[in-house]
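Below: input_16.txt (compact mmCIF, C-alpha atoms)
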```
# COMPACT_ATOMS: atom_id res chain seq x y z
CA MET A 13 -0.84 42.81 -33.08
CA ALA A 14 1.44 41.15 -35.62
CA LYS A 15 0.60 37.59 -36.57
CA ILE A 16 3.33 34.99 -36.26
CA ARG A 17 3.57 32.64 -39.21
CA PRO A 18 2.79 29.05 -38.12
CA SER A 19 5.43 26.35 -38.24
CA LYS A 20 5.33 24.02 -41.21
CA GLY A 21 6.82 20.58 -40.90
CA ALA A 22 6.04 17.05 -41.96
CA PRO A 23 2.62 15.59 -41.10
CA TYR A 24 4.31 12.77 -39.19
CA ALA A 25 7.75 11.43 -38.32
CA ARG A 26 9.42 8.04 -38.51
CA ILE A 27 12.68 6.27 -37.73
CA MET A 28 14.51 6.01 -41.06
CA GLY A 29 17.70 4.23 -40.10
CA VAL A 30 19.51 2.71 -37.12
CA GLY A 31 23.14 2.05 -36.28
CA GLY A 32 25.12 0.74 -33.34
CA TYR A 33 28.65 0.44 -32.03
CA ARG A 34 29.89 -2.01 -29.43
CA PRO A 35 33.46 -1.72 -28.13
CA THR A 36 35.83 -4.44 -29.27
CA ARG A 37 36.67 -5.72 -25.78
CA VAL A 38 34.22 -8.35 -24.55
CA VAL A 39 34.28 -8.80 -20.77
CA PRO A 40 32.91 -12.09 -19.35
CA ASN A 41 31.63 -12.50 -15.82
CA GLU A 42 34.90 -14.16 -14.82
CA VAL A 43 36.64 -10.78 -15.06
CA ILE A 44 34.03 -9.18 -12.79
CA LEU A 45 34.50 -11.97 -10.26
CA GLU A 46 38.14 -10.98 -9.77
CA LYS A 47 36.95 -8.08 -7.60
CA ILE A 48 33.70 -9.28 -5.98
CA ASP A 49 32.64 -12.32 -3.96
CA SER A 50 30.04 -13.86 -6.26
CA SER A 51 29.68 -16.45 -9.01
CA ASP A 52 28.87 -16.65 -12.68
CA GLU A 53 25.71 -18.57 -11.82
CA TRP A 54 24.56 -15.87 -9.37
CA ILE A 55 25.17 -13.04 -11.86
CA ARG A 56 23.33 -14.87 -14.65
CA SER A 57 20.40 -15.81 -12.42
CA ARG A 58 19.99 -12.28 -11.05
CA SER A 59 20.58 -10.30 -14.25
CA GLY A 60 20.81 -12.61 -17.24
CA ILE A 61 24.16 -11.03 -18.12
CA ALA A 62 26.97 -13.26 -19.39
CA THR A 63 29.22 -10.65 -21.04
CA ARG A 64 29.43 -6.93 -21.63
CA HIS A 65 31.58 -4.61 -23.77
CA TRP A 66 34.03 -2.18 -22.20
CA ALA A 67 35.56 0.68 -24.15
CA SER A 68 39.27 1.22 -24.64
CA PRO A 69 40.78 4.70 -24.13
CA GLU A 70 40.39 5.31 -27.88
CA GLU A 71 36.70 4.31 -27.84
CA THR A 72 35.48 7.59 -26.42
CA VAL A 73 31.88 8.77 -26.19
CA THR A 74 32.52 10.82 -29.33
CA ALA A 75 34.27 8.05 -31.25
CA MET A 76 31.57 5.46 -30.52
CA SER A 77 28.84 7.95 -31.41
CA VAL A 78 30.47 8.80 -34.73
CA GLU A 79 30.62 5.12 -35.66
CA ALA A 80 26.97 4.51 -34.74
CA ALA A 81 25.87 7.69 -36.52
CA GLY A 82 27.66 6.71 -39.70
CA LYS A 83 25.83 3.38 -39.78
CA ALA A 84 22.48 5.04 -39.10
CA LEU A 85 23.05 7.54 -41.91
CA ALA A 86 23.96 4.76 -44.33
CA ASP A 87 20.91 2.77 -43.28
CA ALA A 88 18.68 5.80 -43.87
CA GLY A 89 20.33 6.61 -47.21
CA LEU A 90 21.20 10.15 -46.11
CA THR A 91 24.30 12.31 -46.13
CA PRO A 92 25.59 14.17 -43.05
CA GLU A 93 24.78 17.50 -44.69
CA GLN A 94 21.08 16.64 -44.54
CA ILE A 95 21.04 16.42 -40.75
CA GLY A 96 19.37 19.44 -39.21
CA ALA A 97 19.78 18.54 -35.53
CA VAL A 98 21.86 16.22 -33.36
CA VAL A 99 20.50 15.09 -29.99
CA VAL A 100 22.80 13.07 -27.73
CA SER A 101 21.65 11.35 -24.55
CA THR A 102 24.44 10.42 -22.15
CA VAL A 103 25.42 10.54 -18.48
CA SER A 104 29.03 9.49 -19.03
CA HIS A 105 30.54 12.36 -21.00
CA PHE A 106 32.60 14.06 -18.33
CA LYS A 107 33.08 17.45 -19.95
CA GLN A 108 30.22 19.62 -18.73
CA THR A 109 30.47 22.02 -21.66
CA PRO A 110 30.40 22.26 -24.61
CA ALA A 111 27.83 19.60 -25.42
CA VAL A 112 29.42 16.51 -26.95
CA ALA A 113 26.68 16.68 -29.62
CA THR A 114 28.47 19.66 -31.18
CA GLU A 115 31.72 17.70 -31.53
CA ILE A 116 29.90 14.68 -32.94
CA ALA A 117 28.06 16.86 -35.45
CA ASP A 118 31.36 18.28 -36.66
CA ARG A 119 33.05 14.87 -36.79
CA ILE A 120 30.35 13.34 -38.98
CA GLY A 121 30.39 16.30 -41.37
CA ALA A 122 26.98 17.82 -40.60
CA HIS A 123 26.54 21.45 -41.69
CA ARG A 124 25.78 23.72 -38.72
CA PRO A 125 22.95 21.64 -37.21
CA ALA A 126 21.28 22.34 -33.90
CA ALA A 127 23.19 20.18 -31.42
CA PHE A 128 22.68 19.52 -27.72
CA ASP A 129 22.96 16.88 -25.00
CA ILE A 130 20.25 15.60 -22.69
CA SER A 131 20.54 13.75 -19.39
CA ALA A 132 17.67 11.34 -18.83
CA GLY A 133 19.54 8.19 -17.84
CA CYS A 134 18.18 4.95 -19.22
CA ALA A 135 15.10 6.75 -20.58
CA GLY A 136 17.31 9.09 -22.57
CA PHE A 137 16.74 7.49 -25.95
CA GLY A 138 12.97 7.82 -25.57
CA TYR A 139 13.36 11.46 -24.57
CA GLY A 140 15.59 12.14 -27.56
CA LEU A 141 13.25 10.33 -29.93
CA THR A 142 10.31 12.41 -28.69
CA LEU A 143 12.23 15.67 -29.14
CA ALA A 144 13.29 14.61 -32.64
CA LYS A 145 9.72 13.77 -33.62
CA GLY A 146 8.64 17.20 -32.44
CA MET A 147 11.34 18.93 -34.49
CA VAL A 148 10.41 17.08 -37.68
CA VAL A 149 6.69 17.72 -37.29
CA GLU A 150 7.20 21.32 -36.17
CA GLY A 151 9.56 21.95 -39.07
CA SER A 152 12.70 23.10 -37.28
CA ALA A 153 14.65 20.16 -38.75
CA GLU A 154 13.86 17.77 -41.58
CA TYR A 155 16.18 15.02 -40.37
CA VAL A 156 17.35 14.53 -36.80
CA LEU A 157 20.16 12.29 -35.54
CA VAL A 158 19.39 10.84 -32.11
CA ILE A 159 22.22 9.10 -30.24
CA GLY A 160 22.25 7.19 -26.98
CA VAL A 161 25.83 6.63 -25.85
CA GLU A 162 27.51 5.54 -22.62
CA ARG A 163 30.88 4.58 -21.17
CA LEU A 164 29.42 3.23 -17.94
CA SER A 165 32.61 1.30 -17.22
CA ASP A 166 33.97 4.71 -16.14
CA LEU A 167 31.18 4.97 -13.55
CA THR A 168 31.29 1.38 -12.30
CA ASP A 169 32.56 0.50 -8.83
CA LEU A 170 34.16 -2.88 -9.50
CA GLU A 171 34.06 -3.67 -5.78
CA ASP A 172 30.31 -3.07 -5.46
CA ARG A 173 28.80 -6.55 -5.49
CA ALA A 174 25.35 -5.17 -6.33
CA THR A 175 26.32 -3.27 -9.49
CA ALA A 176 29.81 -4.30 -10.67
CA PHE A 177 28.42 -6.81 -13.16
CA LEU A 178 25.63 -4.66 -14.60
CA PHE A 179 27.09 -2.02 -16.83
CA GLY A 180 28.53 -1.93 -20.33
CA ASP A 181 29.58 0.59 -22.96
CA GLY A 182 28.31 1.36 -26.46
CA ALA A 183 26.44 3.74 -28.74
CA GLY A 184 23.19 3.45 -30.65
CA ALA A 185 21.83 5.95 -33.16
CA VAL A 186 18.71 6.52 -35.23
CA ILE A 187 17.72 9.00 -37.91
CA VAL A 188 14.27 10.53 -37.52
CA GLY A 189 12.69 12.10 -40.59
CA PRO A 190 9.39 12.95 -42.28
CA SER A 191 6.63 10.42 -42.85
CA LYS A 192 3.29 10.46 -44.66
CA GLU A 193 1.83 8.08 -42.07
CA PRO A 194 2.08 7.92 -38.27
CA ALA A 195 5.18 5.87 -37.45
CA ILE A 196 6.10 7.17 -33.97
CA GLY A 197 3.22 7.07 -31.53
CA PRO A 198 2.40 9.40 -28.64
CA THR A 199 5.00 9.31 -25.89
CA VAL A 200 4.03 8.43 -22.36
CA TRP A 201 6.78 9.89 -20.19
CA GLY A 202 7.35 11.31 -16.77
CA SER A 203 9.39 11.21 -13.59
CA GLU A 204 9.10 10.21 -9.95
CA GLY A 205 11.61 12.48 -8.27
CA ASP A 206 10.64 11.29 -4.80
CA LYS A 207 12.44 8.04 -5.72
CA SER A 208 15.55 9.74 -7.12
CA GLU A 209 17.79 8.18 -4.46
CA THR A 210 16.96 4.69 -5.77
CA ILE A 211 19.46 5.01 -8.63
CA LYS A 212 22.13 7.66 -8.25
CA GLN A 213 25.73 8.73 -8.47
CA THR A 214 27.45 7.91 -5.20
CA VAL A 215 28.80 11.42 -4.54
CA PRO A 216 28.91 14.76 -6.40
CA TRP A 217 31.99 15.51 -8.53
CA THR A 218 32.82 18.35 -6.16
CA ASP A 219 33.26 15.93 -3.25
CA TYR A 220 35.92 14.07 -5.22
CA ARG A 221 37.53 17.33 -6.37
CA ASP A 222 37.70 18.70 -2.85
CA GLY A 223 39.12 15.49 -1.41
CA THR A 224 36.07 14.80 0.74
CA VAL A 225 36.09 11.26 -0.69
CA ASP A 226 38.95 9.25 -2.15
CA LYS A 227 36.88 7.04 -4.45
CA PHE A 228 35.87 8.25 -7.90
CA PRO A 229 32.05 8.64 -8.19
CA ALA A 230 30.12 5.62 -9.42
CA ILE A 231 26.54 4.57 -10.08
CA THR A 232 24.75 2.79 -7.29
CA GLN A 233 21.21 1.53 -6.86
CA GLU A 234 18.75 -0.15 -4.54
CA GLY A 235 18.27 -3.31 -6.56
CA GLN A 236 15.04 -4.65 -5.09
CA ALA A 237 13.31 -1.27 -5.13
CA VAL A 238 14.31 -0.73 -8.77
CA PHE A 239 13.10 -4.20 -9.70
CA ARG A 240 9.68 -3.70 -8.12
CA TRP A 241 9.25 -0.25 -9.66
CA ALA A 242 10.30 -1.39 -13.13
CA VAL A 243 8.14 -4.51 -13.17
CA PHE A 244 4.93 -3.06 -11.78
CA GLU A 245 4.97 0.65 -12.61
CA MET A 246 6.69 0.45 -15.99
CA ALA A 247 4.37 -2.29 -17.19
CA LYS A 248 1.54 0.20 -16.59
CA VAL A 249 3.38 2.87 -18.57
CA ALA A 250 4.00 0.42 -21.40
CA GLN A 251 0.29 -0.38 -21.52
CA GLN A 252 -0.52 3.34 -21.56
CA ALA A 253 1.78 3.78 -24.57
CA LEU A 254 -0.01 0.94 -26.37
CA ASP A 255 -3.38 2.49 -25.58
CA ALA A 256 -2.23 5.95 -26.72
CA ALA A 257 -1.10 4.49 -30.05
CA GLY A 258 -4.31 2.49 -30.46
CA ILE A 259 -2.31 -0.74 -30.48
CA SER A 260 -3.14 -3.96 -28.65
CA PRO A 261 -0.53 -6.49 -27.52
CA ALA A 262 -1.77 -8.78 -30.31
CA ASP A 263 -0.89 -6.07 -32.86
CA LEU A 264 2.73 -5.90 -31.73
CA ASP A 265 5.58 -7.58 -33.59
CA VAL A 266 8.45 -6.55 -31.33
CA PHE A 267 9.05 -5.45 -27.73
CA ILE A 268 12.24 -3.48 -27.05
CA PRO A 269 12.50 -2.53 -23.38
CA HIS A 270 15.53 -0.92 -21.79
CA GLN A 271 18.08 -3.67 -21.32
CA ALA A 272 18.46 -3.39 -17.57
CA ASN A 273 17.95 -6.93 -16.36
CA MET A 274 16.62 -10.14 -17.92
CA ARG A 275 14.31 -10.79 -14.96
CA ILE A 276 12.73 -7.35 -15.38
CA ILE A 277 12.25 -7.95 -19.11
CA ASP A 278 10.66 -11.38 -18.58
CA SER A 279 8.40 -10.06 -15.82
CA MET A 280 7.20 -7.18 -18.00
CA VAL A 281 6.41 -9.58 -20.84
CA LYS A 282 4.33 -11.64 -18.43
CA THR A 283 2.56 -8.63 -16.88
CA LEU A 284 1.72 -7.19 -20.32
CA LYS A 285 0.54 -10.63 -21.46
CA LEU A 286 2.42 -10.34 -24.72
CA PRO A 287 1.56 -13.07 -27.24
CA GLU A 288 4.21 -15.66 -28.11
CA HIS A 289 4.64 -14.24 -31.61
CA VAL A 290 6.07 -10.98 -30.22
CA THR A 291 9.85 -10.87 -30.55
CA VAL A 292 11.44 -9.65 -27.32
CA ALA A 293 14.84 -7.93 -27.24
CA ARG A 294 17.21 -9.63 -24.80
CA ASP A 295 20.43 -7.92 -25.81
CA VAL A 296 21.32 -7.51 -22.13
CA GLU A 297 22.77 -11.04 -22.08
CA THR A 298 25.82 -10.06 -24.14
CA THR A 299 25.82 -6.26 -23.88
CA GLY A 300 24.88 -5.55 -20.27
CA ASN A 301 23.09 -2.39 -19.21
CA THR A 302 24.22 0.44 -21.49
CA SER A 303 21.65 2.98 -20.22
CA ALA A 304 20.69 5.44 -22.99
CA ALA A 305 22.32 3.25 -25.65
CA SER A 306 20.46 0.04 -24.79
CA ILE A 307 17.27 0.47 -26.85
CA PRO A 308 18.87 1.55 -30.15
CA LEU A 309 21.58 -1.10 -29.73
CA ALA A 310 18.95 -3.79 -29.15
CA MET A 311 16.90 -2.48 -32.09
CA GLU A 312 19.92 -2.57 -34.38
CA ARG A 313 20.78 -6.16 -33.40
CA LEU A 314 17.22 -7.42 -33.89
CA LEU A 315 17.14 -5.96 -37.40
CA ALA A 316 20.66 -7.13 -38.27
CA THR A 317 19.96 -10.71 -37.19
CA GLY A 318 16.57 -10.90 -38.89
CA GLN A 319 14.68 -11.35 -35.62
CA ALA A 320 12.80 -8.19 -36.56
CA LYS A 321 12.17 -6.66 -39.95
CA SER A 322 11.50 -3.27 -41.49
CA GLY A 323 7.89 -2.23 -41.02
CA ASP A 324 7.39 -4.20 -37.82
CA THR A 325 5.43 -2.52 -35.04
CA ALA A 326 7.52 -2.21 -31.88
CA LEU A 327 6.86 -1.04 -28.33
CA VAL A 328 9.91 0.68 -26.81
CA ILE A 329 10.26 1.75 -23.18
CA GLY A 330 13.16 3.17 -21.22
CA PHE A 331 13.33 3.75 -17.47
CA GLY A 332 16.00 4.59 -14.95
CA ALA A 333 17.70 7.17 -12.74
CA GLY A 334 15.51 10.04 -11.73
CA LEU A 335 13.33 8.03 -11.70
CA VAL A 336 12.37 8.85 -15.29
CA TYR A 337 10.64 6.90 -18.02
CA ALA A 338 9.47 7.16 -21.63
CA ALA A 339 7.49 4.71 -23.77
CA THR A 340 6.12 4.82 -27.29
CA VAL A 341 5.16 2.60 -30.22
CA VAL A 342 7.23 2.86 -33.42
CA THR A 343 7.44 1.37 -36.88
CA LEU A 344 10.88 -0.14 -37.34
CA PRO A 345 13.01 1.25 -40.19
```
What does this structure look like when you write it as structure tokens?
Amino acid sequence: MAKIRPSKGAPYARIMGVGGYRPTRVVPNEVILEKIDSSDEWIRSRSGIATRHWASPEETVTAMSVEAAGKALADAGLTPEQIGAVVVSTVSHFKQTPAVATEIADRIGAHRPAAFDISAGCAGFGYGLTLAKGMVVEGSAEYVLVIGVERLSDLTDLEDRATAFLFGDGAGAVIVGPSKEPAIGPTVWGSEGDKSETIKQTVPWTDYRDGTVDKFPAITQEGQAVFRWAVFEMAKVAQQALDAAGISPADLDVFIPHQANMRIIDSMVKTLKLPEHVTVARDVETTGNTSAASIPLAMERLLATGQAKSGDTALVIGFGAGLVYAATVVTLP
């Protein structure tokens, strides 16, 4: 029997750079209230959201991703030619094939990298980060570009009082590369498919194509069920990620949860008993829920504003439609 040569990669992986792009149009709650019977006070009290960004026709999934990727590359001090793989997490790129990752790779000037899309909803960045870490350590790519990007305004029912105010658009990107020390911890991830109806697309694309329904598909959710699941079950997953990394809450510098809802974030902080010195990302207030883009966008803002610094230890956790989740501990770039 022939022996297969073992893979040779880096001993560990780390996030080397981060970049983000937020569309230029800022949409306050007052605009949302033109279509639903609610109030600014109600929206803020239920979600913590005051504004969100909505993309123009020119701010496509590809265009936003290219902007975020360029910033991440600059932050990492790398050239596009050094990227060996491009992983894009999105649920709002409406062309089934080819993968938008291939177009993005070409647009940024990468040289024939592996390129593919994944669909893991609001946990998509964590899934992409885990795949990138594996590639770097396994040796199939030295540097991996991971992008979370969404145009959720295209999948928002502006007449749905429960969700019209939630979603925003944007792109966040990180570069994952080799490290001499552990800088991305073990991932705790999984799914609970028996709860898949809790967050879902209203109807399949084929129903709209065939004229079975007149309304374009949108994202809908059972708000209270999602809240309970996120607060209680995801706090357990977050603790498991801390334990897997050998990190205690007291060791943390930063907590970057998926920016779904301010009440969920605050409840998780309380359940995890995070010390007061831990900086908590609350980007949802001005960016809304951007699904796969929310964690890298929040990470980029914390670093840009000085609320977090390079070398800080951060717990990141994403959770959403599926229901899927992914949590890990990282060293910030």
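Residue nearest Pro198 in chain A, chosen from A:Val225, A:Ala256, A:Val148, A:Ile159 and counting only C-alpha atoms: A:Ala256.
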Spatial neighbours of Asp172 in chain A, 12 Å, only C-alpha atoms, chain gap at least 4 places, as a VMD selection string: chain A and resid 44 to 50 167 to 168 176 to 179 214 230 to 234
Distance query 10 Å from (25.3, 11.2, -26.6) using all atoms listed in the file, result as a ChimeraX atom specification: /A:73-74,76-78,98-105,111-113,116,128-131,136-137,140,158-162,183-185,304-305
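Distances here use all atoms listed in the file; by that measure, the residue among A:Leu164, A:Ala195, A:Leu286, A:Ala316 closest to Arg26 in chain A is A:Ala195.
Separating CA of Ile55 in chain A from CA of Pro69 in chain A is a distance of 26.6 Å.
A straight line drawn from CA of Val336 in chain A to CA of Phe106 in chain A is 21.1 Å long.
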Selection as a list of chain:residue names: residues within 12 Å of (33.1, 14.8, -7.0), counting only C-alpha atoms: A:Phe106, A:Leu167, A:Gln213, A:Thr214, A:Val215, A:Pro216, A:Trp217, A:Thr218, A:Asp219, A:Tyr220, A:Arg221, A:Asp222, A:Gly223, A:Thr224, A:Val225, A:Asp226, A:Lys227, A:Phe228, A:Pro229, A:Ala230
Nearest to Pro308 in chain A by atom-to-atom distance, counting all atoms listed in the file, from A:Ile277, A:Val341, A:Val30, A:Leu157: A:Val30
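Residue nearest Ala174 in chain A, chosen from A:Thr72, A:Ser203, A:Ser59, A:Gln94 and counting only C-alpha atoms: A:Ser59.
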Who sits within 9 Å of Cys134 in chain A, only C-alpha atoms, same chain under 2 positions skipped, as a PyMOL selection string: chain A and resi 102+132+136-138+270-272+301-307+330-333+336-337
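Between CA of Glu79 in chain A and CA of Ile120 in chain A lies a distance of 8.9 Å.
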Surrounding residues of Asp265 in chain A excluding itself and chain neighbours under 3 positions, 8 Å, only C-alpha atoms, as JSON, numbers by chain: {"A": [289, 290, 291, 320, 324, 325, 326]}
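In this comparison, which uses all atoms listed in the file, the residue of A:Ala310, A:Ile268, A:Ala14, A:Ala67 approaching Val38 in chain A most closely is A:Ala67.
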Edge lengths and centre in Å to one decimal, as JSON, of the axis-aligned box that encloses all listed atoms of range 154-157 of chain A with 6 Å added on every side?
```
{"center_x": 17.0, "center_y": 15.0, "center_z": -38.6, "size_x": 18.3, "size_y": 17.5, "size_z": 18.0}
```
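Across A:Ser260, A:Gln108, A:Ser19, A:Thr317, the tightest approach to Met147 in chain A is made by A:Ser19 when counting all atoms listed in the file.
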Lys285 in chain A environment, 12 Å, all atoms listed in the file, sequence neighbours closer than 3 positions dropped, as a ChimeraX atom specification: /A:247-248,250-251,260-262,264,267,278-282,288-290
Mind checking which residues fall within 10 Å of Gly202 in chain A, counting all atoms listed in the file, ignoring those fewer than 5 positions away in the same chain, and posting them as a JSON list (two decimals) with C-alpha atoms, keeping the file's coordinate frame?
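Result file follows (selection.json):
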```json
[["chain", "number", "residue", "atom", "x", "y", "z"],
["A", 135, "ALA", "CA", 15.10, 6.75, -20.58],
["A", 139, "TYR", "CA", 13.36, 11.46, -24.57],
["A", 249, "VAL", "CA", 3.38, 2.87, -18.57],
["A", 331, "PHE", "CA", 13.33, 3.75, -17.47],
["A", 334, "GLY", "CA", 15.51, 10.04, -11.73],
["A", 335, "LEU", "CA", 13.33, 8.03, -11.70],
["A", 336, "VAL", "CA", 12.37, 8.85, -15.29],
["A", 337, "TYR", "CA", 10.64, 6.90, -18.02],
["A", 338, "ALA", "CA", 9.47, 7.16, -21.63],
["A", 339, "ALA", "CA", 7.49, 4.71, -23.77]]
```
Fix up range 314-334 of chain A with N, CA and C atoms, then write it as a PDB file, in the coordinates of the input.
```pdb
ATOM      1  N   LEU A 314      18.397  -6.671 -33.446  1.00  0.00           N
ATOM      2  CA  LEU A 314      17.220  -7.420 -33.890  1.00  0.00           C
ATOM      3  C   LEU A 314      17.060  -7.335 -35.403  1.00  0.00           C
ATOM      4  N   LEU A 315      17.264  -6.146 -35.954  1.00  0.00           N
ATOM      5  CA  LEU A 315      17.140  -5.960 -37.400  1.00  0.00           C
ATOM      6  C   LEU A 315      18.279  -6.642 -38.140  1.00  0.00           C
ATOM      7  N   ALA A 316      19.487  -6.549 -37.604  1.00  0.00           N
ATOM      8  CA  ALA A 316      20.660  -7.130 -38.270  1.00  0.00           C
ATOM      9  C   ALA A 316      20.604  -8.648 -38.303  1.00  0.00           C
ATOM     10  N   THR A 317      20.026  -9.252 -37.265  1.00  0.00           N
ATOM     11  CA  THR A 317      19.960 -10.710 -37.190  1.00  0.00           C
ATOM     12  C   THR A 317      18.704 -11.287 -37.821  1.00  0.00           C
ATOM     13  N   GLY A 318      17.789 -10.427 -38.264  1.00  0.00           N
ATOM     14  CA  GLY A 318      16.570 -10.900 -38.890  1.00  0.00           C
ATOM     15  C   GLY A 318      15.481 -11.293 -37.905  1.00  0.00           C
ATOM     16  N   GLN A 319      15.717 -11.054 -36.610  1.00  0.00           N
ATOM     17  CA  GLN A 319      14.680 -11.350 -35.620  1.00  0.00           C
ATOM     18  C   GLN A 319      13.528 -10.360 -35.710  1.00  0.00           C
ATOM     19  N   ALA A 320      13.823  -9.192 -36.264  1.00  0.00           N
ATOM     20  CA  ALA A 320      12.800  -8.190 -36.560  1.00  0.00           C
ATOM     21  C   ALA A 320      13.045  -7.700 -37.969  1.00  0.00           C
ATOM     22  N   LYS A 321      12.013  -7.124 -38.569  1.00  0.00           N
ATOM     23  CA  LYS A 321      12.170  -6.660 -39.950  1.00  0.00           C
ATOM     24  C   LYS A 321      11.589  -5.265 -40.117  1.00  0.00           C
ATOM     25  N   SER A 322      12.000  -4.614 -41.183  1.00  0.00           N
ATOM     26  CA  SER A 322      11.500  -3.270 -41.490  1.00  0.00           C
ATOM     27  C   SER A 322       9.985  -3.298 -41.612  1.00  0.00           C
ATOM     28  N   GLY A 323       9.336  -2.310 -40.989  1.00  0.00           N
ATOM     29  CA  GLY A 323       7.890  -2.230 -41.020  1.00  0.00           C
ATOM     30  C   GLY A 323       7.214  -2.870 -39.832  1.00  0.00           C
ATOM     31  N   ASP A 324       7.967  -3.600 -39.019  1.00  0.00           N
ATOM     32  CA  ASP A 324       7.390  -4.200 -37.820  1.00  0.00           C
ATOM     33  C   ASP A 324       6.941  -3.108 -36.842  1.00  0.00           C
ATOM     34  N   THR A 325       5.911  -3.427 -36.073  1.00  0.00           N
ATOM     35  CA  THR A 325       5.430  -2.520 -35.040  1.00  0.00           C
ATOM     36  C   THR A 325       6.077  -2.891 -33.711  1.00  0.00           C
ATOM     37  N   ALA A 326       6.753  -1.926 -33.092  1.00  0.00           N
ATOM     38  CA  ALA A 326       7.520  -2.210 -31.880  1.00  0.00           C
ATOM     39  C   ALA A 326       7.131  -1.268 -30.741  1.00  0.00           C
ATOM     40  N   LEU A 327       7.039  -1.827 -29.547  1.00  0.00           N
ATOM     41  CA  LEU A 327       6.860  -1.040 -28.330  1.00  0.00           C
ATOM     42  C   LEU A 327       8.234  -0.860 -27.703  1.00  0.00           C
ATOM     43  N   VAL A 328       8.624   0.405 -27.461  1.00  0.00           N
ATOM     44  CA  VAL A 328       9.910   0.680 -26.810  1.00  0.00           C
ATOM     45  C   VAL A 328       9.639   1.423 -25.499  1.00  0.00           C
ATOM     46  N   ILE A 329      10.402   1.078 -24.473  1.00  0.00           N
ATOM     47  CA  ILE A 329      10.260   1.750 -23.180  1.00  0.00           C
ATOM     48  C   ILE A 329      11.598   1.795 -22.476  1.00  0.00           C
ATOM     49  N   GLY A 330      11.944   2.990 -22.002  1.00  0.00           N
ATOM     50  CA  GLY A 330      13.160   3.170 -21.220  1.00  0.00           C
ATOM     51  C   GLY A 330      12.804   3.694 -19.842  1.00  0.00           C
ATOM     52  N   PHE A 331      13.606   3.330 -18.850  1.00  0.00           N
ATOM     53  CA  PHE A 331      13.330   3.750 -17.470  1.00  0.00           C
ATOM     54  C   PHE A 331      14.611   3.669 -16.667  1.00  0.00           C
ATOM     55  N   GLY A 332      14.784   4.622 -15.753  1.00  0.00           N
ATOM     56  CA  GLY A 332      16.000   4.590 -14.950  1.00  0.00           C
ATOM     57  C   GLY A 332      16.123   5.775 -14.021  1.00  0.00           C
ATOM     58  N   ALA A 333      17.382   6.182 -13.770  1.00  0.00           N
ATOM     59  CA  ALA A 333      17.700   7.170 -12.740  1.00  0.00           C
ATOM     60  C   ALA A 333      16.842   8.409 -12.874  1.00  0.00           C
ATOM     61  N   GLY A 334      16.315   8.828 -11.725  1.00  0.00           N
ATOM     62  CA  GLY A 334      15.510  10.040 -11.730  1.00  0.00           C
ATOM     63  C   GLY A 334      14.345  10.083 -10.741  1.00  0.00           C
TER      64      GLY A 334
END
```
